[in-house]
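*Asks:* Pasting in a structure now, in structure tokens, and then I'll have a few things to ask.
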4 protein chains.
Amino acid sequence: MALIVEKTSSGREYKVKDMSQADFGRLELELAEVEMPGLMACRTEFGPAQPFKGARITGSLHMTIQTAVLIETLTALGAEVRWCSCNIFSTQDHAAAAIARDSAAVFAWKGETLQEYWWCTERALDWGPGGGPDLIVDDGGDATLLIHEGVKAEEIFEKTGQVPDPTSTDNPEFQIVLSIIKEGLQVDPKKYHKMKERLVGVSEETTTGVKRLYQMQESGALLFPAINVNDSVTKSKFDNLYGCRHSLPDGLMRATDVMIAGKVAVICGYGDVGKGCAAAMKTAGARVIVTEIDPICALQAMMEGLQVLTLEDDVVSEADIFVTTTGNKDIIMVDHMRKMKNNAIVCNIGHFDNEIDMQGLETFPGVKRITIKPQTDRWVFPDTKSGIIVLAEGRLMNLGCATGHPSFVMSCSFTNQVIAQLELWNEKSSGKYEKKVYVLPKHLDEKVAALHLGKLGAKLTKLTKDQSDYVSIPIEGPYKPAHYRY
Amino acid sequence: MALIVEKTSSGREYKVKDMSQADFGRLELELAEVEMPGLMACRTEFGPAQPFKGARITGSLHMTIQTAVLIETLTALGAEVRWCSCNIFSTQDHAAAAIARDSAAVFAWKGETLQEYWWCTERALDWGPGGGPDLIVDDGGDATLLIHEGVKAEEIFEKTGQVPDPTSTDNPEFQIVLSIIKEGLQVDPKKYHKMKERLVGVSEETTTGVKRLYQMQESGALLFPAINVNDSVTKSKFDNLYGCRHSLPDGLMRATDVMIAGKVAVICGYGDVGKGCAAAMKTAGARVIVTEIDPICALQAMMEGLQVLTLEDDVVSEADIFVTTTGNKDIIMVDHMRKMKNNAIVCNIGHFDNEIDMQGLETFPGVKRITIKPQTDRWVFPDTKSGIIVLAEGRLMNLGCATGHPSFVMSCSFTNQVIAQLELWNEKSSGKYEKKVYVLPKHLDEKVAALHLGKLGAKLTKLTKDQSDYVSIPIEGPYKPAHYRY
Amino acid sequence: MALIVEKTSSGREYKVKDMSQADFGRLELELAEVEMPGLMACRTEFGPAQPFKGARITGSLHMTIQTAVLIETLTALGAEVRWCSCNIFSTQDHAAAAIARDSAAVFAWKGETLQEYWWCTERALDWGPGGGPDLIVDDGGDATLLIHEGVKAEEIFEKTGQVPDPTSTDNPEFQIVLSIIKEGLQVDPKKYHKMKERLVGVSEETTTGVKRLYQMQESGALLFPAINVNDSVTKSKFDNLYGCRHSLPDGLMRATDVMIAGKVAVICGYGDVGKGCAAAMKTAGARVIVTEIDPICALQAMMEGLQVLTLEDDVVSEADIFVTTTGNKDIIMVDHMRKMKNNAIVCNIGHFDNEIDMQGLETFPGVKRITIKPQTDRWVFPDTKSGIIVLAEGRLMNLGCATGHPSFVMSCSFTNQVIAQLELWNEKSSGKYEKKVYVLPKHLDEKVAALHLGKLGAKLTKLTKDQSDYVSIPIEGPYKPAHYRY
Amino acid sequence: MALIVEKTSSGREYKVKDMSQADFGRLELELAEVEMPGLMACRTEFGPAQPFKGARITGSLHMTIQTAVLIETLTALGAEVRWCSCNIFSTQDHAAAAIARDSAAVFAWKGETLQEYWWCTERALDWGPGGGPDLIVDDGGDATLLIHEGVKAEEIFEKTGQVPDPTSTDNPEFQIVLSIIKEGLQVDPKKYHKMKERLVGVSEETTTGVKRLYQMQESGALLFPAINVNDSVTKSKFDNLYGCRHSLPDGLMRATDVMIAGKVAVICGYGDVGKGCAAAMKTAGARVIVTEIDPICALQAMMEGLQVLTLEDDVVSEADIFVTTTGNKDIIMVDHMRKMKNNAIVCNIGHFDNEIDMQGLETFPGVKRITIKPQTDRWVFPDTKSGIIVLAEGRLMNLGCATGHPSFVMSCSFTNQVIAQLELWNEKSSGKYEKKVYVLPKHLDEKVAALHLGKLGAKLTKLTKDQSDYVSIPIEGPYKPAHYRY
């Protein structure tokens, strides 16, 4: 696929796999709308006022059907939008096609190379001569990263005339990032500075991206305000937990058709993602072993009847399914994989592909890769002739092998995104948000939840005045102190 | 797709969708073998003696990867095999291709018309001039039905000269059956009699097929011995229960990506299939309502915290997902469907498509069918503009929308099949089996289970002599009286 | 407590712990009636006709509140009743008092010695000069055993003049049985023959008692007809399963207050009782290990995510709670107990105290018994100073440490008892029942279930005529074939 | 029971129900020690240094076996201790006896009147002439309240000469508090001032008590530093959640023996306590309906398949078991109770007895109270003759009807208490703690969890240096940011 930007008849840019899937995408989009009451409520509540009139929004977030509903919510509120995916396997091509045809500039397809991935990211950030976007919707922080690295390089270049050297790093992905910045520098040595100047802020979706933001905040490197959407309760305790409870078995089944009942599943990490994964495996009839570094999470796992062990030889050789959820790297190493049962399944639902030692696996002498089907590979070790099955090449298996999280739970997450974007945009001139990381206030978090209850037939109880006084909680909320854990 | 039989280079007949998928099928077959310890143990135990040498086996059973392992177990034991699917949507085309290329005559593809379906069934029964098969592996009883109807028609024809009249029935599918028999009669008026003569027996897989067999036994119409594999404990209490617990959510997710958590799911019928379905929905976070006619099963549902209600208006209009598992007809009628919520999902995992009133739906005045993707249709009613989503056109949704039951549990079922086929074949001349329906003896049932424990790491306790005497149970089993319910 | 029979003011005999608890018993009885719809429906349906007019019924069945409602159902139908418990720890003294005062002759208290236990059994069978009871309600078969042993001894005595020799057996309990028979012989050498003559039949409640009956049937020793109530679906699949799911944690909590979450529980046996126990422990947050001899039950356990292992050293030394449910003997031996963790809990919910090697424990050199409270003993081994906690002296812990199964599920079991007693009595002269073991017909089983649905708010679906014809099932049931497993 | 303080032979004061139960208490204490690894680890780690040497600690916390282990941990670290219970029904008399005899001054018995309750509280605070305690361990805040009210009254008295007027309030309990303070004033008008002066601080156990503290902090009324132990993760997410999951069914079973399976349970409030209660009822086979004011918690309930409804007539009249967990008042009113099913069970596990409208019930014209047994009352309404069953007179049912939370989870809570007390005492002169409410730092919270893992056989994974750098988390923790929700 040559990297040439195409244009719709109306002149909007795009690059997708197959525009003929737009109708199919539209049909699924319409189904998803019914399942995404929070986003639809935003359209109803905010649409008439067109609050995003004049706003340019760039998104770097899995280009799925659910994201398509998010994008069309942003456009329904008046925004102009450019989009790329934040994972090489996560795009649903029919969703990309529908959006590209109907609503926004999309640069995304399932199965990008890393080179293509960063090309797409850059396309999404490039709003032409006038600079970059006003707002970024980020997931994992790659769009934010590119701007920060770009600005850093431009500053060095300005001071020293030095351009970034892609060979200065071992990390193949970072080499690409540096190449892109280098090329950019040669065209416009102020490209990323201009973006930074224009940018009102970013709202970030995931644990990993948020962690990066806090680190930048601490080191003083953060260039614009950021809203941490991940830590809205209606995001992290829903999307991460219930989303993964749904999508882990979905991915496993689509990729391998394996019977989960009777198997031993190892879940590395027992945060919200791990809790969802462990619950799914347990209720499907697997025996679950958890690995953890944090004694509190470990004790939670024990209270649910799960074993907490380390990835020692007996665990490694006894288990059938391994799932990484940690947000850290080097969790399952090639030496672990060599000791696994024949056809043990290894997959990642947490973070980057480096949770699994893909590099160690790929470079293991004599190892043989047999692609069963896209995103399902059997890797056979030369000595044992025993193979393991790696899903989505070590990347997020729920997005690579299935369709990610279902619409309803994504509606919670994305309603937070819309509210965060609105907040940033509305306060762009007020000085309310400095170059720091913010969390949405609790009453907005509660509002997101409230918007999703009607669809499920839930009825809330209302405090009486008397009760409200007794417990010193306002009748309309917020109902909990900031530190409440749910 | 023109209905022309093709031939492999070695001259074996077949008709499949795409022979180029044979390699992919072979890779998945190899994965499945690891998950089907019972079948592989049969190959090891019986293979060397080639007990099926000279036996012709016709199978009418979902042509999936798992069935492919069954077929190759039969051929590994010496049989010649011809195969068709027993459901128009259940074939996995890569499995069909691999078997057609490597092992047996296959007539099956995903998405057959009813016409094509019965053509395939007839092809699978047609062993050429020498008559039909020696043995039948049946699922739902269509192969058995065709022979019985054929024999009946030939008898009438012999006595009266009358040929079957397809217009004598309203049922479109039975019209096709009669047409086929009619054509057959014109070629050879003893065709089905010859089949009957040769046939040693049938082993039947499902509740529905077994029920037909018992009815024929009672009316004296049964033409050959039959082994009821469905009522082996290791079939009905495993495949039906744990298989559906796995494949219902799998089918729902692949077809609709819908979030199950928070939804209301109605499970019609609380037999083994219904129990598996209810468990899957409940553990995925749905609220489950059961409908039942049997007070005992209803009380079981109540003990699990499920509601037992009838499909009255409030249930119909409140629920999000409807699943039929009854083995009966007319469970969800078009009048129910009209009152459902927009985008309620209606599907069947029990029996024929007549569990759902597909005919009523299709002929409803002004109804509009929108195919989201194959096997996922939205039907919109003209008055309400509200739509429901019907999966697999009312046929088995786990096979139509997903890949059926996983290998491990199918290994239990199919090991029963292999043992039943061996039993029929070995006793073909002994007179042990009359024209009746038989169940496998308990020690064989227990053996099937035992063959599957090692793979899961289970260790059995052994009775001491003293304990064995105390409870009057042989050390080697069988461990339970015939009426034991598990 | 001297073994002297007392009399109420109306002259009815009894022997209970404390008559002053009768009011308390009556209050709990009234609560239980609301929870026992099946029994109350029997009173309504059959009471007016007084079908048991003239019938003498002896019961040997845990003298609990629930049994009290059973007794008063029998008396409400016209019977005269004498009762004893079938377990030395299972009597609820307030229930015994209420019944003794108001309704029937009771000989039972919590904490009988074995000597007292058999004295009570004999009292319950002794209806004075006119011989024994017309009907027996048995649980475990002790009343039936006493008569059979008595008759056997009388026959030997008649032929040889020999009386039973209690020293001829090692079993301390059987020594007592022989002593009682010996004394009886000296008073009336035809005592048990007279009982046998009068007896119309017995209905038996449990797996163990039923097994004894089938053995007697096979050997031709059975002296009167027996109805196997245990194998009614509404008994074994409810009382055994859901009853134990309730009463195992209840007993554990009352006896030890131990936190179940986080612990490792070993369930010996995965029949209905074991399934209920395993479910209770798993959902309370324990990790469950099952031991089994039967590969089918073992595979069921695996499908639920439980481990199936043997009681090897690692299991024995790793687990916290051990529960026997097998119906066999010698399951947990003193050598196992010595290797257990300090304060591991050992208990039996299956059968007699010989599931646990109580004799081995009691006679272990240097072992020290510390009674924490009645039915909760810590046994300390001299070498390790490590102790284990044995509940209810190895007898049924749910009855010894808690109050047995709750009313609702006992209503199912006991409604079967009432129906069985009615059946035996109504057919006493018809010759319908020979000296064999019978199971209640399915339509009565279904009726028992139906009587319990209303209380829970369940609504049954009714077959249409058309559906009934299609599946060949009568609209009014029975709905399942005899071999159906539920 | 006359309110006269007794003395042990060594001169220590006490007032308990029955000193002869001390041996029984000691036996259960020894069992509990094995289940409370955190407390025992504190004894090992801190005992030798006797850090509490010279410290007087007053505790107002359910006088149970688990609390007894806490008390003896405090004394093992050198403290002198006086104790009362914080609930009139929660004392375990054998625990109180063992502690009174062996370790500390105890004023507590099961079934105190309110008058007696406050007498006990005052006794526990009264250390004789030298003023009050140095430290308070509080649960619900009654000890803290008494001092604050006392100081307030003394200030008014000093300024105006006015003494508190018990008739100034309708609340009968607060009348007693005022009476006590009034009497105190007459003896020593500086009594509570002296206490305040001496006090180093309080550590508070529950949600309700903590809420009071934060209110006092906000209004500036807080007289001494407070550590909020409730919001340690290892308290609120363990004790509240897993403790109630254990103790709700325990209390229900002991009080009523009711079958939970098949019933409809209404859980009012879905905080940590409500989540534990709902999980327990659901897994026991009940259908659970939740009431909530907070949309986020409501959505969590929906995601678990629970219904969220309001206490409207249909819910009220359909449910069998009602449990309040809200921490608010007026949750279940007498008008609700009148519409309930006969023998519906109403209980509170959340907060004070005013969660249930006990006053409305008691004063309902013609209502009749029938005490089944202590803490289990049936209240019959005159019009309907229908009764409801109220547990523990509306007070905490798990403590009133059972034995509270099991040792293991209390060990988590109480280890937090010990650490909090140590922190307050060690920093008494450092000025680290002002008159504010503090939470323990995360590393101490994690330490509490770590101390409980070994007992359960859990093994933690250790970060490598490289991983630690990658995620910027210290190898030794703390592992999570402050806002993490677990």
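Order determines the names: the first chain of the structure tokens is A, the second B, and so forth; residues in each chain are numbered 1 upward, and ligands are numbered 1 upward as they are shown.
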Find the residues near Val69 of chain D: any atom within 7 Å, counting only C-alpha atoms, skip ones fewer than 3 places away on the same chain, and give them as a CSV table (one decimal) with N, CA and C atoms, in the first residue's frame.
*Replies:*
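Everything below was put into around00.csv:
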```
chain,number,residue,atom,x,y,z
D,29,LEU,N,-9.5,-17.5,71.3
D,29,LEU,CA,-8.4,-16.5,71.1
D,29,LEU,C,-7.2,-17.2,70.4
D,33,GLU,N,-5.6,-16.3,66.8
D,33,GLU,CA,-4.2,-15.9,66.6
D,33,GLU,C,-3.6,-16.5,65.3
D,65,ILE,N,-13.7,-11.8,69.8
D,65,ILE,CA,-12.5,-12.6,69.8
D,65,ILE,C,-11.4,-11.9,69.1
D,66,GLN,N,-11.7,-11.3,67.9
D,66,GLN,CA,-10.7,-10.7,67.1
D,66,GLN,C,-10.1,-9.5,67.8
D,72,GLU,N,-4.5,-7.7,73.0
D,72,GLU,CA,-3.3,-8.4,73.5
D,72,GLU,C,-2.1,-8.1,72.6
D,73,THR,N,-2.3,-7.6,71.4
D,73,THR,CA,-1.2,-7.1,70.6
D,73,THR,C,-0.7,-5.7,71.2
```
*Asks:* Write down, as a PyMOL selection string, each residue of chain B that has any atom within 9 Å of an atom of chain A, counting only C-alpha atoms.
*Replies:* chain B and resi 24-25+27-28+31-32+34-35+242-243+245-247+249-250+253-254+256-264+279-280+283-285+318+342-343+370-373+402-409+456-457
*Asks:* Report as a PyMOL selection string all protein, DNA and RNA residues lying within 6 Å of Leu306 of chain D, evaluated on only C-alpha atoms, omitting residues in the same chain fewer than 4 positions from it.
*Replies:* chain D and resi 288-289+301-302
*Asks:* Can you list, as a CSV table (one decimal) with N, CA and C atoms, in the first residue's frame, every protein, DNA or RNA residue that comes within 10 Å of Phe238 of chain A when you count only C-alpha atoms, leaving out same-chain residues fewer than 4 positions away?
*Replies:*
```csv
chain,number,residue,atom,x,y,z
A,232,SER,N,-10.9,8.8,35.4
A,232,SER,CA,-12.3,8.9,35.7
A,232,SER,C,-12.7,7.5,36.1
A,233,VAL,N,-13.5,7.5,37.1
A,233,VAL,CA,-14.0,6.2,37.6
A,233,VAL,C,-14.8,5.5,36.4
A,234,THR,N,-15.5,6.3,35.7
A,234,THR,CA,-16.4,5.7,34.6
A,234,THR,C,-15.5,5.3,33.5
A,242,TYR,N,-14.6,-4.1,33.0
A,242,TYR,CA,-15.7,-4.8,32.3
A,242,TYR,C,-15.4,-5.0,30.8
A,243,GLY,N,-14.7,-4.0,30.2
A,243,GLY,CA,-14.3,-4.1,28.8
A,243,GLY,C,-13.4,-5.4,28.6
A,244,CYS,N,-12.4,-5.5,29.4
A,244,CYS,CA,-11.5,-6.6,29.3
A,244,CYS,C,-12.1,-8.0,29.6
A,245,ARG,N,-13.0,-7.9,30.6
A,245,ARG,CA,-13.8,-9.1,30.9
A,245,ARG,C,-14.5,-9.6,29.7
A,272,ASP,N,-7.0,-3.2,37.2
A,272,ASP,CA,-8.4,-3.3,36.7
A,272,ASP,C,-8.4,-4.2,35.5
A,273,VAL,N,-7.5,-4.1,34.6
A,273,VAL,CA,-7.4,-5.0,33.4
A,273,VAL,C,-7.3,-6.4,33.9
A,276,GLY,N,-10.5,-7.8,35.4
A,276,GLY,CA,-11.5,-8.2,34.4
A,276,GLY,C,-11.1,-9.5,33.7
A,408,PHE,N,-21.0,-0.3,24.6
A,408,PHE,CA,-21.6,0.3,25.7
A,408,PHE,C,-20.6,0.8,26.7
A,409,VAL,N,-19.5,0.0,26.9
A,409,VAL,CA,-18.5,0.4,27.9
A,409,VAL,C,-17.6,1.5,27.3
A,410,MET,N,-17.5,1.4,26.0
A,410,MET,CA,-16.7,2.5,25.3
A,410,MET,C,-17.5,3.8,25.4
A,412,CYS,N,-19.0,4.9,27.9
A,412,CYS,CA,-18.6,5.5,29.1
A,412,CYS,C,-17.3,6.3,28.9
A,413,SER,N,-16.3,5.5,28.4
A,413,SER,CA,-15.0,6.1,28.2
A,413,SER,C,-15.0,7.4,27.3
A,449,ALA,N,-21.9,8.3,34.3
A,449,ALA,CA,-22.6,7.1,34.7
A,449,ALA,C,-24.1,7.3,34.5
D,296,ILE,N,-22.6,6.1,39.7
D,296,ILE,CA,-21.4,5.2,39.4
D,296,ILE,C,-21.6,3.9,40.0
D,299,LEU,N,-24.1,1.9,38.3
D,299,LEU,CA,-23.7,1.3,37.0
D,299,LEU,C,-22.8,0.0,37.3
D,300,GLN,N,-22.0,0.1,38.3
D,300,GLN,CA,-21.3,-1.1,38.7
D,300,GLN,C,-22.2,-2.2,39.0
D,303,MET,N,-23.4,-3.8,35.8
D,303,MET,CA,-22.4,-4.5,35.1
D,303,MET,C,-22.2,-5.9,35.8
```
*Asks:* Residues within 9 Å of Arg56 of chain D, please, as a PDB file with N, CA and C atoms, in the first residue's frame. Count only C-alpha atoms; anything in the same chain fewer than 5 positions from it doesn't count.
*Replies:*
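The resulting file, selection_35.pdb, is shown below:
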```pdb
ATOM      1  N   ALA D  79       1.410  -1.447  76.100  1.00  0.00           N
ATOM      2  CA  ALA D  79       0.341  -0.525  76.497  1.00  0.00           C
ATOM      3  C   ALA D  79      -0.455  -1.055  77.695  1.00  0.00           C
ATOM      4  N   GLU D  80      -1.053  -0.123  78.401  1.00  0.00           N
ATOM      5  CA  GLU D  80      -2.138  -0.434  79.332  1.00  0.00           C
ATOM      6  C   GLU D  80      -3.443  -0.131  78.606  1.00  0.00           C
ATOM      7  N   VAL D  81      -4.443  -0.991  78.778  1.00  0.00           N
ATOM      8  CA  VAL D  81      -5.629  -0.866  77.940  1.00  0.00           C
ATOM      9  C   VAL D  81      -6.916  -0.931  78.762  1.00  0.00           C
ATOM     10  N   ARG D  82      -7.884  -0.081  78.413  1.00  0.00           N
ATOM     11  CA  ARG D  82      -9.263  -0.177  78.914  1.00  0.00           C
ATOM     12  C   ARG D  82     -10.183  -0.242  77.705  1.00  0.00           C
ATOM     13  N   TRP D 127      -9.531   6.805  83.425  1.00  0.00           N
ATOM     14  CA  TRP D 127      -8.273   6.225  83.910  1.00  0.00           C
ATOM     15  C   TRP D 127      -7.931   6.717  85.310  1.00  0.00           C
ATOM     16  N   GLY D 132      -7.554  11.077  81.287  1.00  0.00           N
ATOM     17  CA  GLY D 132      -8.015  10.012  80.408  1.00  0.00           C
ATOM     18  C   GLY D 132      -6.881   9.249  79.754  1.00  0.00           C
ATOM     19  N   PRO D 133      -7.174   8.689  78.622  1.00  0.00           N
ATOM     20  CA  PRO D 133      -6.195   7.877  77.902  1.00  0.00           C
ATOM     21  C   PRO D 133      -5.225   8.754  77.115  1.00  0.00           C
ATOM     22  N   ASP D 134      -4.134   8.129  76.698  1.00  0.00           N
ATOM     23  CA  ASP D 134      -3.222   8.803  75.768  1.00  0.00           C
ATOM     24  C   ASP D 134      -3.704   8.628  74.329  1.00  0.00           C
ATOM     25  N   LEU D 135      -4.283   7.484  74.081  1.00  0.00           N
ATOM     26  CA  LEU D 135      -4.684   7.141  72.722  1.00  0.00           C
ATOM     27  C   LEU D 135      -6.069   6.509  72.751  1.00  0.00           C
ATOM     28  N   ILE D 136      -6.823   6.710  71.676  1.00  0.00           N
ATOM     29  CA  ILE D 136      -8.119   6.051  71.553  1.00  0.00           C
ATOM     30  C   ILE D 136      -8.149   5.225  70.275  1.00  0.00           C
TER      31      ILE D 136
END
```
*Asks:* Return as an MDAnalysis selection string the full set of residues in segment 293-457 of chain A whose backbone-based DSSP assignment is alpha helix (DSSP H).
*Replies:* chainID A and resid 295:303 313:318 334:338 358:362 397:400 407:426 442:456
*Asks:* Step one, run DSSP on the backbone; step two, keep only residues of segment 36-246 of chain C assigned to strand (DSSP E); then write them as a short mmCIF file (atom, residue, chain, number, x, y, z; two decimals) with C-alpha atoms, in the first residue's frame.
*Replies:*
```cif
data_model
loop_
_atom_site.label_atom_id
_atom_site.label_comp_id
_atom_site.auth_asym_id
_atom_site.auth_seq_id
_atom_site.Cartn_x
_atom_site.Cartn_y
_atom_site.Cartn_z
CA ARG C 56 -48.85 -45.73 62.79
CA ILE C 57 -45.74 -44.09 61.44
CA THR C 58 -42.29 -44.39 62.95
CA GLY C 59 -39.67 -41.93 61.81
CA SER C 60 -35.92 -42.16 62.22
CA GLU C 80 -50.10 -41.40 64.73
CA VAL C 81 -46.35 -40.81 64.90
CA ARG C 82 -43.34 -41.89 66.97
CA TRP C 83 -39.97 -40.36 66.17
CA CYS C 84 -36.27 -40.58 66.84
CA ALA C 105 -43.98 -39.26 70.64
CA VAL C 106 -40.37 -38.08 70.37
CA PHE C 107 -37.21 -39.70 71.64
CA LEU C 135 -44.90 -47.34 57.99
CA ILE C 136 -41.34 -46.17 58.49
CA VAL C 137 -39.80 -42.89 57.42
CA ASP C 138 -36.11 -43.69 57.40
CA GLY C 201 -43.27 -50.37 53.88
CA VAL C 202 -40.50 -47.84 54.33
CA SER C 203 -39.56 -44.69 52.53
CA GLU C 204 -35.86 -43.95 52.68
CA ALA C 226 -39.31 -49.62 50.06
CA ILE C 227 -39.59 -46.35 48.25
CA ASN C 228 -36.30 -44.69 47.40
#
```
*Asks:* Neighbouring residues of Ser179 of chain B were defined as those with any atom within 10 Å, considering only C-alpha atoms; residues of the same chain fewer than 4 positions away were excluded. Please report them as a PyMOL selection string.
*Replies:* chain B and resi 115+163-167+173-175+183-185
*Asks:* Would you kindly return, as a list in words, each protein, DNA or RNA residue with an atom no farther than 9 Å from any atom of Thr324 of chain D, considering only C-alpha atoms and excluding same-chain residues fewer than 4 positions away?
*Replies:*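 Non-adjacent residues within range: Val266, Ile267, Cys268, Gly269, Gly274, Ile331, Ile332, Val346, Cys347, Asn348, Ile349, Gly350, His351, Glu355 and Ile356 of chain D.
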*Asks:* Would you mind reading off the distance between atom CA of Glu13 of chain D and atom CA of Gln92 of chain D, one decimal, in Å?
*Replies:* 18.2 Å
*Asks:* Enter the distance from atom CA of Lys235 of chain C to atom CA of Ile321 of chain D, in Å, rounded to one decimal.
*Replies:* 25.2 Å
